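Trainee: Structure file data.cif (mmCIF, C-alpha atoms and all ligand atoms) is given on the next line.
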```
data_protein
loop_
_atom_site.label_atom_id
_atom_site.label_comp_id
_atom_site.auth_asym_id
_atom_site.auth_seq_id
_atom_site.Cartn_x
_atom_site.Cartn_y
_atom_site.Cartn_z
CA MET A 7 -35.79 -7.79 33.48
CA LYS A 8 -38.28 -5.01 33.99
CA LYS A 9 -38.51 -2.59 31.08
CA ILE A 10 -37.81 1.12 31.54
CA GLY A 11 -38.43 3.65 28.79
CA ILE A 12 -35.68 6.17 28.09
CA THR A 13 -36.17 9.42 26.17
CA THR A 14 -32.60 9.73 24.89
CA THR A 15 -29.18 8.21 25.54
CA VAL A 16 -28.68 7.90 29.30
CA PRO A 17 -26.16 6.01 31.46
CA ILE A 18 -27.80 2.64 30.77
CA GLU A 19 -25.03 0.88 32.68
CA ILE A 20 -26.73 2.05 35.89
CA LEU A 21 -30.18 0.91 34.78
CA ILE A 22 -28.92 -2.54 33.75
CA ALA A 23 -26.99 -2.85 37.04
CA ALA A 24 -30.27 -2.13 38.85
CA GLY A 25 -32.01 -4.95 36.95
CA TYR A 26 -33.82 -2.89 34.33
CA GLN A 27 -33.93 -3.34 30.57
CA PRO A 28 -33.70 0.12 28.94
CA VAL A 29 -36.01 0.69 25.97
CA ASP A 30 -35.21 3.72 23.82
CA LEU A 31 -38.68 5.08 23.12
CA ASN A 32 -37.43 7.01 20.07
CA ASN A 33 -36.27 3.81 18.41
CA VAL A 34 -39.56 2.04 19.15
CA PHE A 35 -41.45 5.01 17.70
CA ILE A 36 -39.51 5.22 14.46
CA ALA A 37 -39.38 1.44 13.97
CA ASP A 38 -43.15 1.13 14.40
CA PRO A 39 -44.85 0.05 11.14
CA SER A 40 -47.04 3.15 11.45
CA PRO A 41 -45.32 5.91 13.42
CA GLY A 42 -48.01 8.41 12.35
CA ARG A 43 -50.49 6.36 14.38
CA LEU A 44 -48.44 7.01 17.53
CA ILE A 45 -48.40 10.74 16.82
CA ASN A 46 -52.19 10.62 16.43
CA ILE A 47 -52.52 9.10 19.90
CA ALA A 48 -50.63 12.07 21.35
CA GLU A 49 -52.61 14.64 19.37
CA LYS A 50 -55.91 13.05 20.40
CA ASP A 51 -54.76 13.42 24.02
CA GLY A 52 -54.13 17.12 23.46
CA PHE A 53 -50.52 17.51 22.27
CA PRO A 54 -50.42 20.55 20.00
CA LEU A 55 -49.74 20.33 16.27
CA ASN A 56 -46.67 22.53 16.74
CA CYS A 57 -45.00 20.11 19.15
CA CYS A 58 -42.02 18.07 17.93
CA SER A 59 -42.96 14.70 16.45
CA TRP A 60 -40.40 12.81 18.52
CA ILE A 61 -42.05 14.02 21.75
CA LYS A 62 -45.47 13.01 20.48
CA GLY A 63 -44.10 9.70 19.24
CA ILE A 64 -42.55 8.92 22.63
CA TYR A 65 -45.86 9.68 24.31
CA GLY A 66 -47.69 7.46 21.80
CA VAL A 67 -45.26 4.60 22.46
CA CYS A 68 -45.82 4.84 26.24
CA ALA A 69 -49.58 4.74 25.73
CA ASP A 70 -49.64 2.06 23.05
CA TYR A 71 -46.89 -0.28 24.25
CA GLY A 72 -47.88 -0.07 27.93
CA ILE A 73 -44.61 1.44 29.19
CA ASP A 74 -45.17 2.13 32.90
CA THR A 75 -41.75 3.50 33.96
CA VAL A 76 -39.76 6.19 32.14
CA LEU A 77 -36.41 7.81 32.79
CA GLY A 78 -36.52 11.29 31.25
CA VAL A 79 -33.59 13.64 30.76
CA THR A 80 -34.38 17.11 32.06
CA THR A 81 -31.03 18.81 31.36
CA GLY A 82 -28.85 18.00 28.39
CA ASP A 83 -31.48 16.91 25.89
CA CYS A 84 -34.83 18.55 25.30
CA SER A 85 -36.82 21.20 27.13
CA ASN A 86 -40.05 19.56 25.92
CA THR A 87 -39.22 16.42 27.87
CA ILE A 88 -40.01 18.21 31.13
CA MET A 89 -43.62 18.80 30.15
CA LEU A 90 -43.86 15.37 28.53
CA MET A 91 -42.88 13.88 31.88
CA GLU A 92 -45.58 15.89 33.67
CA VAL A 93 -48.23 14.56 31.28
CA LEU A 94 -46.95 11.00 31.61
CA LYS A 95 -47.23 11.38 35.41
CA LEU A 96 -50.83 12.49 34.96
CA LYS A 97 -51.45 9.29 33.00
CA GLY A 98 -50.09 7.13 35.80
CA VAL A 99 -46.60 6.46 34.40
CA ARG A 100 -43.80 6.33 36.97
CA VAL A 101 -41.39 9.04 35.89
CA ILE A 102 -37.80 9.46 37.06
CA ALA A 103 -35.69 12.47 36.11
CA PHE A 104 -32.02 12.54 35.22
CA ALA A 105 -30.05 15.73 34.58
CA TYR A 106 -26.66 15.86 32.87
CA PRO A 107 -24.53 18.58 34.47
CA ASP A 108 -24.21 21.85 32.58
CA GLN A 109 -20.55 21.12 31.77
CA PRO A 110 -18.67 17.97 30.76
CA ASP A 111 -16.75 17.97 34.00
CA PRO A 112 -15.97 14.43 35.32
CA PRO A 113 -16.49 15.23 39.06
CA LYS A 114 -19.86 16.82 38.25
CA VAL A 115 -20.82 13.89 36.04
CA GLN A 116 -19.69 11.50 38.78
CA ALA A 117 -22.03 13.26 41.25
CA ALA A 118 -24.96 13.03 38.80
CA LEU A 119 -24.27 9.34 38.16
CA THR A 120 -24.01 8.59 41.90
CA MET A 121 -27.40 10.22 42.49
CA LEU A 122 -28.94 8.24 39.64
CA ALA A 123 -27.49 4.98 40.99
CA GLU A 124 -28.87 5.75 44.46
CA THR A 125 -32.32 6.43 42.99
CA PHE A 126 -32.24 2.96 41.43
CA GLY A 127 -30.85 1.26 44.54
CA THR A 128 -27.51 0.35 42.97
CA ASN A 129 -24.00 1.82 42.93
CA LEU A 130 -21.29 2.82 40.48
CA GLU A 131 -19.17 -0.28 41.15
CA ALA A 132 -21.99 -2.46 39.84
CA ALA A 133 -22.48 -0.05 36.91
CA ALA A 134 -18.73 -0.24 36.12
CA LYS A 135 -19.07 -4.02 35.75
CA VAL A 136 -21.91 -3.53 33.26
CA ARG A 137 -19.72 -0.98 31.43
CA ASP A 138 -17.13 -3.75 31.00
CA GLU A 139 -19.81 -6.12 29.70
CA LEU A 140 -20.90 -3.53 27.13
CA LYS A 141 -17.38 -2.85 25.91
CA SER A 142 -17.39 -5.47 23.15
CA SER A 143 -20.70 -4.18 21.74
CA ARG A 144 -19.47 -0.59 21.78
CA SER A 145 -16.16 -1.58 20.15
CA LEU A 146 -18.00 -3.45 17.40
CA ALA A 147 -20.22 -0.44 16.71
CA LEU A 148 -17.12 1.73 16.39
CA GLU A 149 -15.47 -0.86 14.16
CA LEU A 150 -18.55 -0.73 11.92
CA ASP A 151 -18.09 3.04 11.83
CA ARG A 152 -14.43 2.62 10.79
CA LEU A 153 -15.48 0.18 8.07
CA THR A 154 -17.88 2.85 6.85
CA TRP A 155 -15.56 5.81 6.45
CA ARG A 156 -12.15 4.25 6.07
CA GLU A 157 -12.75 0.96 4.26
CA GLY A 158 -15.92 2.06 2.45
CA VAL A 159 -17.66 -1.29 2.86
CA VAL A 160 -20.59 -0.29 5.08
CA SER A 161 -23.48 1.89 3.92
CA GLY A 162 -24.50 5.14 5.62
CA GLY A 163 -27.88 3.58 6.46
CA GLU A 164 -26.32 0.54 8.14
CA ASN A 165 -24.00 2.87 10.03
CA HIS A 166 -26.96 4.97 11.19
CA LEU A 167 -29.03 1.99 12.28
CA TRP A 168 -26.37 0.16 14.29
CA LEU A 169 -24.94 3.27 15.93
CA VAL A 170 -28.30 4.80 16.85
CA SER A 171 -29.23 1.46 18.42
CA THR A 172 -26.41 1.70 20.96
CA SER A 173 -28.69 3.86 23.13
CA ASP A 174 -30.36 0.62 24.31
CA PHE A 175 -28.59 -2.06 22.20
CA ASN A 176 -31.95 -3.06 20.75
CA GLN A 177 -33.02 -4.06 24.26
CA ASP A 178 -30.61 -7.02 24.39
CA TYR A 179 -26.91 -6.25 24.33
CA SER A 180 -25.76 -9.88 24.03
CA LYS A 181 -27.93 -10.41 20.96
CA TYR A 182 -26.84 -7.05 19.54
CA CYS A 183 -23.21 -8.08 19.95
CA ARG A 184 -23.70 -11.47 18.24
CA GLN A 185 -25.64 -9.97 15.32
CA LEU A 186 -23.21 -7.11 14.81
CA GLN A 187 -20.21 -9.44 14.96
CA LYS A 188 -21.70 -11.43 12.07
CA LEU A 189 -22.47 -8.30 10.09
CA VAL A 190 -18.97 -6.88 10.58
CA GLU A 191 -17.40 -10.15 9.40
CA ASP A 192 -19.67 -10.17 6.38
CA ARG A 193 -19.01 -6.53 5.49
CA ARG A 194 -15.24 -7.02 5.65
CA ARG A 195 -15.63 -9.29 2.61
CA ARG A 196 -17.79 -6.80 0.74
CA GLN A 197 -16.56 -4.84 -2.25
CA ALA A 198 -15.90 -1.20 -1.33
CA TYR A 199 -18.06 1.64 -2.63
CA PRO A 200 -16.51 3.56 -5.56
CA LYS A 201 -13.90 6.06 -4.40
CA ASP A 202 -15.27 8.89 -6.54
CA TRP A 203 -18.62 9.06 -4.70
CA LEU A 204 -19.26 12.18 -2.66
CA ARG A 205 -18.53 11.85 1.04
CA LEU A 206 -21.14 13.41 3.32
CA ALA A 207 -21.57 14.10 7.01
CA TYR A 208 -24.94 13.94 8.72
CA ILE A 209 -25.14 16.10 11.83
CA GLY A 210 -28.04 16.80 14.17
CA VAL A 211 -30.70 14.61 15.71
CA PRO A 212 -31.63 11.42 13.84
CA SER A 213 -34.20 12.22 11.17
CA VAL A 214 -37.77 11.00 10.82
CA TYR A 215 -36.92 9.73 7.34
CA GLY A 216 -33.84 7.74 8.25
CA HIS A 217 -34.83 4.73 6.18
CA ASP A 218 -35.38 6.82 3.07
CA LEU A 219 -32.52 9.31 3.17
CA TYR A 220 -29.43 7.10 2.99
CA PRO A 221 -30.46 4.91 0.02
CA TYR A 222 -31.62 8.02 -1.80
CA LEU A 223 -28.21 9.64 -1.40
CA GLU A 224 -26.51 6.45 -2.55
CA SER A 225 -28.70 6.29 -5.63
CA HIS A 226 -27.05 9.64 -6.47
CA ARG A 227 -23.49 8.47 -5.86
CA ALA A 228 -23.12 10.09 -2.46
CA ARG A 229 -22.53 8.36 0.89
CA VAL A 230 -22.89 9.43 4.48
CA VAL A 231 -19.61 8.46 6.13
CA PHE A 232 -20.19 10.35 9.37
CA ASN A 233 -23.36 10.17 11.46
CA GLU A 234 -22.51 12.59 14.23
CA VAL A 235 -25.04 12.04 17.04
CA GLN A 236 -25.48 8.34 16.30
CA ARG A 237 -21.71 7.85 16.67
CA GLN A 238 -21.78 9.73 19.96
CA PHE A 239 -24.37 7.26 21.25
CA ALA A 240 -21.73 4.54 20.82
CA MET A 241 -19.34 6.52 23.10
CA PRO A 242 -16.26 6.83 20.87
CA ARG A 243 -14.19 8.28 23.74
CA SER A 244 -15.04 6.02 26.63
CA GLY A 245 -12.24 7.16 28.98
CA ASP A 246 -11.20 5.33 32.14
CA SER A 247 -14.48 5.47 34.03
CA LEU A 248 -18.20 5.89 33.62
CA ALA A 249 -17.86 9.55 34.65
CA GLU A 250 -15.25 10.15 31.95
CA GLN A 251 -17.32 8.29 29.39
CA TYR A 252 -20.36 10.49 29.99
CA SER A 253 -18.19 13.63 30.11
CA ASN A 254 -16.71 12.83 26.71
CA TYR A 255 -20.18 12.18 25.27
CA THR A 256 -20.80 15.52 23.52
CA TYR A 257 -24.56 15.60 22.85
CA PRO A 258 -25.84 16.80 26.27
CA TYR A 259 -23.45 19.74 26.57
CA SER A 260 -22.80 23.00 24.76
CA ILE A 261 -22.98 22.97 20.96
CA TYR A 262 -19.30 24.02 20.99
CA GLU A 263 -18.39 20.64 22.51
CA ARG A 264 -20.14 19.01 19.58
CA LEU A 265 -18.41 21.34 17.14
CA LYS A 266 -14.93 20.24 18.27
CA ASP A 267 -15.85 16.62 17.58
CA ILE A 268 -17.54 17.45 14.27
CA ALA A 269 -14.62 19.54 12.98
CA THR A 270 -12.14 16.76 13.80
CA GLU A 271 -14.21 14.11 12.07
CA LEU A 272 -14.94 16.22 8.96
CA GLU A 273 -11.23 16.57 8.42
CA ARG A 274 -10.36 12.96 9.25
CA ARG A 275 -13.13 11.55 7.03
CA GLN A 276 -12.46 13.91 4.11
CA ILE A 277 -16.01 15.15 3.92
CA ASP A 278 -17.25 17.07 0.87
CA GLY A 279 -20.46 18.47 2.38
CA VAL A 280 -22.64 18.42 5.47
CA ILE A 281 -26.32 17.65 5.88
CA HIS A 282 -27.68 19.27 9.03
CA TYR A 283 -31.01 17.78 9.97
CA VAL A 284 -33.32 19.79 12.19
CA GLN A 285 -36.66 18.69 13.54
CA ALA A 286 -39.58 21.08 13.12
CA PHE A 287 -40.38 22.95 16.37
CA CYS A 288 -37.08 21.88 17.95
CA HIS A 289 -34.94 24.43 19.81
CA ARG A 290 -31.82 22.69 18.47
CA GLY A 291 -32.65 24.05 15.02
CA ILE A 292 -31.35 27.44 16.14
CA GLY A 293 -27.89 25.85 16.34
CA ASP A 294 -27.89 25.88 12.53
CA ILE A 295 -26.69 29.50 12.77
CA ILE A 296 -23.60 28.36 14.68
CA PHE A 297 -22.86 25.36 12.48
CA ARG A 298 -23.09 27.45 9.33
CA ASP A 299 -20.76 30.02 10.79
CA ALA A 300 -18.19 27.55 12.12
CA LEU A 301 -18.06 24.78 9.51
CA LYS A 302 -15.84 25.41 6.54
CA LEU A 303 -17.84 23.15 4.21
CA PRO A 304 -21.13 23.59 2.33
CA VAL A 305 -24.12 22.81 4.57
CA LEU A 306 -27.57 21.65 3.50
CA THR A 307 -30.15 22.13 6.25
CA LEU A 308 -33.11 19.77 6.06
CA GLU A 309 -36.12 20.19 8.30
CA GLY A 310 -38.45 17.26 8.88
CA ASN A 311 -41.72 17.06 10.77
CA ASP A 312 -44.03 14.06 10.57
CA ASP A 313 -43.37 13.04 6.97
CA PHE A 314 -41.58 9.71 7.21
CA PHE A 315 -40.31 9.78 3.65
CA LEU A 316 -38.49 12.25 1.41
CA SER A 317 -40.90 14.57 -0.37
CA HIS A 318 -40.23 15.69 -3.97
CA HIS A 319 -39.25 19.08 -2.64
CA VAL A 320 -36.63 17.62 -0.28
CA LYS A 321 -35.31 15.32 -3.01
CA THR A 322 -34.85 18.28 -5.35
CA ARG A 323 -32.94 20.22 -2.71
CA ILE A 324 -30.69 17.22 -2.06
CA GLU A 325 -29.98 16.75 -5.75
CA ALA A 326 -29.11 20.45 -6.18
CA PHE A 327 -26.78 20.22 -3.18
CA LEU A 328 -25.01 17.15 -4.57
CA ASP A 329 -24.64 18.82 -7.98
CA MET A 330 -23.08 21.84 -6.31
CA LEU A 331 -20.63 19.63 -4.37
CA ARG A 332 -19.60 17.81 -7.56
CA HIS A 333 -19.08 21.10 -9.30
CA THR A 334 -16.92 22.35 -6.41
CA ARG A 335 -14.87 19.15 -6.48
CA ARG A 336 -14.26 19.46 -10.23
CA ASN A 337 -13.21 23.11 -9.88
CA LEU A 338 -10.86 22.22 -7.05
CA LYS A 339 -9.23 19.46 -9.10
CA TYR A 340 -8.91 21.81 -12.04
CA SER A 341 -7.30 24.60 -9.99
CA GLN A 342 -4.92 22.08 -8.36
CA LYS A 343 -3.86 20.93 -11.84
CA THR A 344 -3.35 24.43 -13.15
CA THR A 345 -1.30 25.56 -10.14
CA ALA A 346 0.85 22.36 -10.18
S1 LIG B 401 -35.97 16.79 18.15
FE1 LIG B 401 -35.64 18.53 19.51
S2 LIG B 401 -37.66 19.04 20.36
FE2 LIG B 401 -37.75 16.97 19.47
S3 LIG B 401 -37.33 15.58 21.16
FE3 LIG B 401 -35.38 15.95 20.12
S4 LIG B 401 -34.46 17.68 21.20
FE4 LIG B 401 -36.65 17.62 21.75
#
```
Show me the file's structure as structure tokens.
Ligand code: SF4
Mentor:
Amino acid sequence: MKKIGITTTVPIEILIAAGYQPVDLNNVFIADPSPGRLINIAEKDGFPLNCCSWIKGIYGVCADYGIDTVLGVTTGDCSNTIMLMEVLKLKGVRVIAFAYPDQPDPPKVQAALTMLAETFGTNLEAAAKVRDELKSSRSLALELDRLTWREGVVSGGENHLWLVSTSDFNQDYSKYCRQLQKLVEDRRRRQAYPKDWLRLAYIGVPSVYGHDLYPYLESHRARVVFNEVQRQFAMPRSGDSLAEQYSNYTYPYSIYERLKDIATELERRQIDGVIHYVQAFCHRGIGDIIFRDALKLPVLTLEGNDDFFLSHHVKTRIEAFLDMLRHTRRNLKYSQKTTA
């Protein structure tokens, strides 16, 4: 299958139906043994220092891994992608644009999907068959999520990794399915994490220090039991059609669509506190104002740039946040006892 780079989660069912293998360029960037090297490639070619690291990383991956075709999302993801696509064109990369509609309205999504399928010389019937083939992988990812928050036998880092990978199923959905099936069976036999650990939500784009953050939290008796955007990649509300599936997918639409999903899951998963990750120089960071206003729980906002590990400063802020959450929990227990 011919590889096609993708800049975020897109309707991969259409790409696979057209004979392409989607490659999530973000995942390649962050999994690279030296992601800073990929950023350097972009900066040497003129990307400014105050441009988001994910954009520069994606560019570096295209240059370094020889990606010659990219599907970029122009509406519903990142305004920087538009200029990234122009530069990639300049460098000889074949660039195709996809725009999510401005609202999660199934007829509008259906029209956008039909146009995308036509661009790739396929149709939505063929894409629907691929959707069926992907169902078992998506269900397994969501089962892993359930094992994380309800059974407490999967770590926040494992949850992050397997859910974020559903954007391209690690470039081989059959292999992904086999590997995840094994992991799920194994984790079902695992001893659960202690019940008294703090329960955290992680909202916002995946962080540049994903590999560092989750174990660090767990070393302080706190677990992420909700990875918001990563879970959305797995399409938790798949609906009856591809159009419904991509209408229910909250990330490309208004932040208020995301908020409804977040509020439901915070309640269901009995979350103590929220970590909102924002990427330096990202317009989505402004949404922090709305999250802080709407969410009824303490929020810690972390901003990362091109540091792929937790600095001492960030670690200190995390520890202070966890202390505060523990204190709040103790006070709550105490006041419940005294009013009983
Ligand atoms: S983090 Fe923000 S600026 Fe960077 S690629 Fe994602 S949406 Fe764009």
Trainee: Residues up to 6 Å from ligand LIG 401 (chain B), counting only C-alpha atoms and all ligand atoms: could you list those as an MDAnalysis selection string?
Mentor: chainID A and resid 58 60:61 83:84 86 285 288:290
Trainee: Could you check which residues have any atom within 8 Å of (-30.4, 15.4, 11.9), counting all atoms listed in the file with coordinates taken straight from the file, and then list them as a PyMOL selection string?
Mentor: chain A and resi 208-213+281-285+308
Trainee: What is the distance between CA of Gly72 in chain A and CA of Ile36 in chain A, in Å to one decimal?
Mentor: 16.7 Å
Trainee: Using only C-alpha atoms, which protein or nucleic acid residues come within 12 Å of Gln238 in chain A? Drop anything in the same chain fewer than 5 positions from it, and give the result as a PyMOL selection string.
Mentor: chain A and resi 14-16+144+147-148+151+166+169-173+209-212+232-233+243-244+251-258+263-264+267-268+271
Trainee: Which residues, written as a list in words, have at least one atom at most 9 Å from range 120-133 of chain A, with all atoms listed in the file counted and residues fewer than 3 positions away on the same chain left out?
Mentor: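 Non-adjacent residues within range: Pro17, Ile18, Glu19, Ile20, Leu21, Ile22, Ala23, Ala24, Ile102, Ala103, Phe104, Val115, Gln116, Ala117, Val136, Arg137, Asp138 and Leu248 of chain A.
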Trainee: What is the CA of Asp246 in chain A to CA of Asp111 in chain A distance in Å?
Mentor: 13.9 Å
Trainee: Got a sec: who's within 12 Å of Thr322 in chain A, counting only C-alpha atoms, leaving out chain neighbours fewer than 3 positions off, as a tab-separated table (two decimals) with C-alpha atoms, in the frame of the given file?
Mentor:
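Below you can see part22.tsv, which holds the result:
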```
chain	number	residue	atom	x	y	z
A	222	TYR	CA	-31.62	8.02	-1.80
A	223	LEU	CA	-28.21	9.64	-1.40
A	226	HIS	CA	-27.05	9.64	-6.47
A	306	LEU	CA	-27.57	21.65	3.50
A	308	LEU	CA	-33.11	19.77	6.06
A	316	LEU	CA	-38.49	12.25	1.41
A	317	SER	CA	-40.90	14.57	-0.37
A	318	HIS	CA	-40.23	15.69	-3.97
A	319	HIS	CA	-39.25	19.08	-2.64
A	325	GLU	CA	-29.98	16.75	-5.75
A	326	ALA	CA	-29.11	20.45	-6.18
A	327	PHE	CA	-26.78	20.22	-3.18
A	328	LEU	CA	-25.01	17.15	-4.57
A	329	ASP	CA	-24.64	18.82	-7.98
```
Trainee: Counting all atoms listed in the file, select every polymer residue within 8 Å of (-18.8, 24.0, 13.8) as defined in the file's coordinates, and provide the selection as a VMD selection string.
Mentor: chain A and resid 262 264 to 266 268 to 269 296 to 302
Trainee: Keeping only C-alpha atoms, write the selected residues to a file as an mmCIF file, in the coordinates of the input.
Mentor:
```
data_model
loop_
_atom_site.group_PDB
_atom_site.id
_atom_site.type_symbol
_atom_site.label_atom_id
_atom_site.label_comp_id
_atom_site.auth_asym_id
_atom_site.auth_seq_id
_atom_site.Cartn_x
_atom_site.Cartn_y
_atom_site.Cartn_z
ATOM 1 C CA TYR A 262 -19.300 24.020 20.990
ATOM 2 C CA ARG A 264 -20.140 19.010 19.580
ATOM 3 C CA LEU A 265 -18.410 21.340 17.140
ATOM 4 C CA LYS A 266 -14.930 20.240 18.270
ATOM 5 C CA ILE A 268 -17.540 17.450 14.270
ATOM 6 C CA ALA A 269 -14.620 19.540 12.980
ATOM 7 C CA ILE A 296 -23.600 28.360 14.680
ATOM 8 C CA PHE A 297 -22.860 25.360 12.480
ATOM 9 C CA ARG A 298 -23.090 27.450 9.330
ATOM 10 C CA ASP A 299 -20.760 30.020 10.790
ATOM 11 C CA ALA A 300 -18.190 27.550 12.120
ATOM 12 C CA LEU A 301 -18.060 24.780 9.510
ATOM 13 C CA LYS A 302 -15.840 25.410 6.540
#
```
Trainee: Quick one: distance from CA of Leu55 in chain A to CA of Leu96 in chain A in Å, one decimal?
Mentor: 20.3 Å
Trainee: Have a look at A:Leu167, A:Leu338, A:Cys183, A:Leu31 and name the one nearest to Glu139 in chain A; count only C-alpha atoms.
Mentor: A:Cys183
Trainee: List the spatial neighbours of Leu44 in chain A as a list in words - criterion: any atom at most 10 Å away, only C-alpha atoms, same-chain residues fewer than 6 positions off excluded.
Mentor: Phe35, Ile36, Asp38, Ser59, Trp60, Lys62, Gly63, Ile64, Tyr65, Gly66, Val67, Cys68, Ala69 and Asp70 of chain A
Trainee: Take the selection from the previous step and output its residues with C-alpha atoms, as a PDB file, in the frame of the given file.
Mentor:
```pdb
ATOM      1  CA  PHE A  35     -41.450   5.010  17.700  1.00  0.00           C
ATOM      2  CA  ILE A  36     -39.510   5.220  14.460  1.00  0.00           C
ATOM      3  CA  ASP A  38     -43.150   1.130  14.400  1.00  0.00           C
ATOM      4  CA  SER A  59     -42.960  14.700  16.450  1.00  0.00           C
ATOM      5  CA  TRP A  60     -40.400  12.810  18.520  1.00  0.00           C
ATOM      6  CA  LYS A  62     -45.470  13.010  20.480  1.00  0.00           C
ATOM      7  CA  GLY A  63     -44.100   9.700  19.240  1.00  0.00           C
ATOM      8  CA  ILE A  64     -42.550   8.920  22.630  1.00  0.00           C
ATOM      9  CA  TYR A  65     -45.860   9.680  24.310  1.00  0.00           C
ATOM     10  CA  GLY A  66     -47.690   7.460  21.800  1.00  0.00           C
ATOM     11  CA  VAL A  67     -45.260   4.600  22.460  1.00  0.00           C
ATOM     12  CA  CYS A  68     -45.820   4.840  26.240  1.00  0.00           C
ATOM     13  CA  ALA A  69     -49.580   4.740  25.730  1.00  0.00           C
ATOM     14  CA  ASP A  70     -49.640   2.060  23.050  1.00  0.00           C
TER      15      ASP A  70
END
```
Trainee: Excluding Pro107 in chain A and any residue of its chain fewer than 5 positions from it, enumerate the residues within 8 Å of it, using all atoms listed in the file, and give them as a PDB file with C-alpha atoms, in the coordinates of the input.
Mentor:
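Result file out04.pdb:
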```
ATOM      1  CA  THR A  81     -31.030  18.810  31.360  1.00  0.00           C
ATOM      2  CA  GLY A  82     -28.850  18.000  28.390  1.00  0.00           C
ATOM      3  CA  LYS A 114     -19.860  16.820  38.250  1.00  0.00           C
ATOM      4  CA  VAL A 115     -20.820  13.890  36.040  1.00  0.00           C
ATOM      5  CA  ALA A 118     -24.960  13.030  38.800  1.00  0.00           C
TER       6      ALA A 118
END
```
Trainee: Select, from A:Ile277, A:Trp168, A:Leu219, A:Glu149, the residue with the minimum atom-to-atom distance to Glu191 in chain A, counting only C-alpha atoms.
Mentor: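 Counting only C-alpha atoms, the residue closest to Glu191 in chain A is A:Glu149.
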Trainee: Which is closer to Val29 in chain A than all the others in A:Met241, A:Leu146, A:Ile12, A:Leu204, using all atoms listed in the file?
Mentor: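 Checking each candidate against Val29 in chain A, we get A:Ile12 as the closest.
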Trainee: Calculated over all atoms listed in the file, which of the candidates A:Thr13, A:Thr87, A:Asn33, A:Ser247 has the smallest distance to Phe175 in chain A?
Mentor: A:Asn33
Trainee: Go through A:Gln185, A:Gly310, A:Pro113, A:Ala286 and flag the residue nearest Asn56 in chain A, using all atoms listed in the file for the distances.
Mentor: A:Ala286
